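Novice: Structure provided below as structure tokens; questions to follow.
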Amino acid sequence: QKLLLSPFGRIFTYFIGSKQLGRSLRKVFGTETKPSHREINEFWSLIEEQEGNRIIHKLLHYVGDRKVHADRWIDALKTNRIPKMLINGTADPVSGGHMADKYEEEVPQSNVVRLEGIGHYPHLEAPERVLRATMEFF
């Protein structure tokens, strides 16, 4: 991400393929839910569609947005009355259990479903559990 966010990001898109994607994804999945080589290739196929792999560097603007808009976004979560639920893979090194803790600390009447052993992509790693939690919420 750091290289892609640099001024040379577009150039680095030419060096990214399914192998690099697989390496990155395996780091953020749970230990028991890692994607197979076939799944990695399917993910890459979706990214590559219509040369989407050539604009990956443009899609990473959210990294900076999180810092710029953090206070505003957190305030919106705190103050609105819309029912909400966070489904969190606790094994995610990016936004796992530590992020769920922070969410509960910041957002009153938090409704958090923690999926132990699940990583960054609960909907892919534990679809039945995500569906069950969602259906119970609704």
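Here, A, B, ... name the chains of the structure tokens in the order displayed, residue numbers run from 1 inside each chain, and ligands are numbered from 1 in the same displayed order.
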Which residues, written as a ChimeraX atom specification, have at least one atom at most 10 Å from range 6-22 of chain A, with only C-alpha atoms counted and residues fewer than 3 positions away on the same chain left out?

Specialist: /A:1-3,25-27,34-37,39-45,47-48,52-58

Novice: Mind checking DSSP for chain A and telling me the strand (DSSP E) residues as a PyMOL selection string?

Specialist: chain A and resi 86-89+112-115

Novice: Keeping only C-alpha atoms, write the selected residues as a tab-separated table (two decimals), in the first residue's frame.

Specialist:
chain	number	residue	atom	x	y	z
A	86	LEU	CA	-20.41	-4.34	13.70
A	87	ILE	CA	-19.40	-7.85	12.68
A	88	ASN	CA	-15.72	-8.17	13.47
A	89	GLY	CA	-13.13	-10.85	12.72
A	112	VAL	CA	-20.66	-5.95	18.22
A	113	VAL	CA	-20.48	-9.53	17.00
A	114	ARG	CA	-16.97	-10.88	17.47
A	115	LEU	CA	-15.99	-13.82	15.30

Novice: Write down as a PyMOL selection string the residues belonging to chain A that are assigned alpha helix (DSSP H) by DSSP computed on the backbone.

Specialist: chain A and resi 2-5+9-12+18-28+37-48+56-59+62-79+97-106+122-125+127-137

Novice: Set the distance at 10 Å and use only C-alpha atoms: which residues neighbour Phe138 in chain A once local chain neighbours fewer than 3 positions away are removed? I'd like the list as a PyMOL selection string.

Specialist: chain A and resi 83-85+133-135

Novice: Using C-alpha atoms, can you export the residues from the last selection as a tab-separated table (two decimals), in the first residue's frame?

Specialist:
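To be explicit, this is the file written out as selection38.tsv:
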chain	number	residue	atom	x	y	z
A	83	PRO	CA	-29.60	0.78	14.53
A	84	LYS	CA	-26.19	-0.59	13.61
A	85	MET	CA	-24.11	-3.67	14.18
A	133	ALA	CA	-25.74	-12.50	12.89
A	134	THR	CA	-27.21	-10.28	10.17
A	135	MET	CA	-30.55	-12.07	10.19

Novice: If we count only C-alpha atoms, what is near Asp75 in chain A at a cut-off of 12 Å, once residues fewer than 3 positions away on the same chain are taken out, given as a ChimeraX atom specification?

Specialist: /A:69-72,78-81,103,106-108

Novice: Could you write out the selected residues, including all heavy atoms, as a CSV table (one decimal), in the first residue's frame?

Specialist:
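Dumped everything to again_31.csv:
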chain,number,residue,atom,x,y,z
A,69,HIS,N,-10.9,12.4,8.1
A,69,HIS,CA,-12.3,12.4,8.5
A,69,HIS,C,-12.6,11.7,9.8
A,69,HIS,O,-13.8,11.5,10.1
A,69,HIS,CB,-13.1,11.9,7.3
A,69,HIS,CG,-13.0,12.6,6.1
A,69,HIS,ND1,-13.4,13.9,5.9
A,69,HIS,CD2,-12.5,12.3,4.9
A,69,HIS,CE1,-13.2,14.3,4.7
A,69,HIS,NE2,-12.6,13.4,4.0
A,70,ALA,N,-11.6,11.2,10.5
A,70,ALA,CA,-11.8,10.3,11.6
A,70,ALA,C,-12.8,10.9,12.6
A,70,ALA,O,-13.8,10.3,13.0
A,70,ALA,CB,-10.5,10.0,12.3
A,71,ASP,N,-12.5,12.2,13.0
A,71,ASP,CA,-13.4,12.8,14.1
A,71,ASP,C,-14.9,12.9,13.6
A,71,ASP,O,-15.8,12.6,14.3
A,71,ASP,CB,-12.9,14.2,14.4
A,71,ASP,CG,-11.6,14.1,15.2
A,71,ASP,OD1,-11.3,13.0,15.8
A,71,ASP,OD2,-10.9,15.1,15.2
A,72,ARG,N,-15.0,13.3,12.3
A,72,ARG,CA,-16.4,13.4,11.8
A,72,ARG,C,-17.1,12.1,11.7
A,72,ARG,O,-18.3,12.0,12.0
A,72,ARG,CB,-16.3,14.1,10.4
A,72,ARG,CG,-17.6,14.6,9.9
A,72,ARG,CD,-17.4,15.3,8.6
A,72,ARG,NE,-17.9,14.4,7.6
A,72,ARG,CZ,-17.4,14.3,6.3
A,72,ARG,NH1,-16.4,15.1,6.0
A,72,ARG,NH2,-17.8,13.5,5.5
A,78,LYS,N,-21.4,8.0,16.8
A,78,LYS,CA,-21.8,8.2,18.2
A,78,LYS,C,-23.2,8.8,18.3
A,78,LYS,O,-24.0,8.5,19.2
A,78,LYS,CB,-20.8,9.2,18.9
A,78,LYS,CG,-19.5,8.6,19.2
A,78,LYS,CD,-18.7,9.7,19.9
A,78,LYS,CE,-17.3,9.2,20.2
A,78,LYS,NZ,-16.5,10.3,20.9
A,79,THR,N,-23.5,9.7,17.4
A,79,THR,CA,-24.7,10.6,17.6
A,79,THR,C,-26.0,10.1,16.8
A,79,THR,O,-27.1,10.5,17.2
A,79,THR,CB,-24.4,12.0,17.2
A,79,THR,OG1,-24.0,12.1,15.8
A,79,THR,CG2,-23.3,12.6,18.1
A,80,ASN,N,-25.8,9.3,15.8
A,80,ASN,CA,-27.0,9.0,15.0
A,80,ASN,C,-27.8,7.9,15.8
A,80,ASN,O,-27.2,7.1,16.6
A,80,ASN,CB,-26.7,8.6,13.6
A,80,ASN,CG,-26.2,7.2,13.5
A,80,ASN,OD1,-26.9,6.2,13.7
A,80,ASN,ND2,-25.0,7.1,13.0
A,81,ARG,N,-29.1,7.8,15.5
A,81,ARG,CA,-29.9,6.8,16.2
A,81,ARG,C,-30.3,5.6,15.3
A,81,ARG,O,-31.1,4.8,15.7
A,81,ARG,CB,-31.2,7.5,16.7
A,81,ARG,CG,-30.9,8.5,17.7
A,81,ARG,CD,-32.1,9.2,18.2
A,81,ARG,NE,-31.7,10.2,19.2
A,81,ARG,CZ,-32.5,10.7,20.0
A,81,ARG,NH1,-33.8,10.3,20.1
A,81,ARG,NH2,-32.1,11.7,20.8
A,103,TYR,N,-14.3,0.6,19.1
A,103,TYR,CA,-15.6,0.9,18.6
A,103,TYR,C,-16.6,0.9,19.9
A,103,TYR,O,-17.4,1.8,20.0
A,103,TYR,CB,-16.1,-0.1,17.6
A,103,TYR,CG,-17.4,0.1,17.0
A,103,TYR,CD1,-17.7,0.9,16.0
A,103,TYR,CD2,-18.5,-0.6,17.6
A,103,TYR,CE1,-18.9,1.1,15.5
A,103,TYR,CE2,-19.8,-0.4,17.1
A,103,TYR,CZ,-20.0,0.4,16.0
A,103,TYR,OH,-21.3,0.6,15.5
A,106,GLU,N,-16.0,3.9,22.0
A,106,GLU,CA,-16.5,5.2,21.4
A,106,GLU,C,-18.0,5.3,21.1
A,106,GLU,O,-18.5,6.4,21.2
A,106,GLU,CB,-15.7,5.4,20.0
A,106,GLU,CG,-14.3,5.6,20.1
A,106,GLU,CD,-13.9,7.0,20.5
A,106,GLU,OE1,-14.7,7.9,20.5
A,106,GLU,OE2,-12.7,7.2,20.8
A,107,VAL,N,-18.6,4.2,20.8
A,107,VAL,CA,-20.0,4.2,20.3
A,107,VAL,C,-20.9,3.7,21.4
A,107,VAL,O,-20.8,2.5,21.8
A,107,VAL,CB,-20.2,3.4,19.0
A,107,VAL,CG1,-21.6,3.4,18.5
A,107,VAL,CG2,-19.2,3.9,17.9
A,108,PRO,N,-21.8,4.5,21.9
A,108,PRO,CA,-22.7,4.1,23.0
A,108,PRO,C,-23.7,3.0,22.4
A,108,PRO,O,-24.0,3.0,21.3
A,108,PRO,CB,-23.5,5.4,23.3
A,108,PRO,CG,-22.9,6.5,22.5
A,108,PRO,CD,-22.0,5.9,21.5

Novice: In Å to one decimal, how far is CA of Lys102 in chain A from CA of Gly30 in chain A?

Specialist: 20.4 Å

Novice: Mind pulling up the distance from CA of Leu77 in chain A to CA of Glu104 in chain A?

Specialist: 10.9 Å

Novice: Just give me the gap between CA of Glu128 in chain A and CA of Ser95 in chain A in Å, one decimal is fine.

Specialist: 20.7 Å
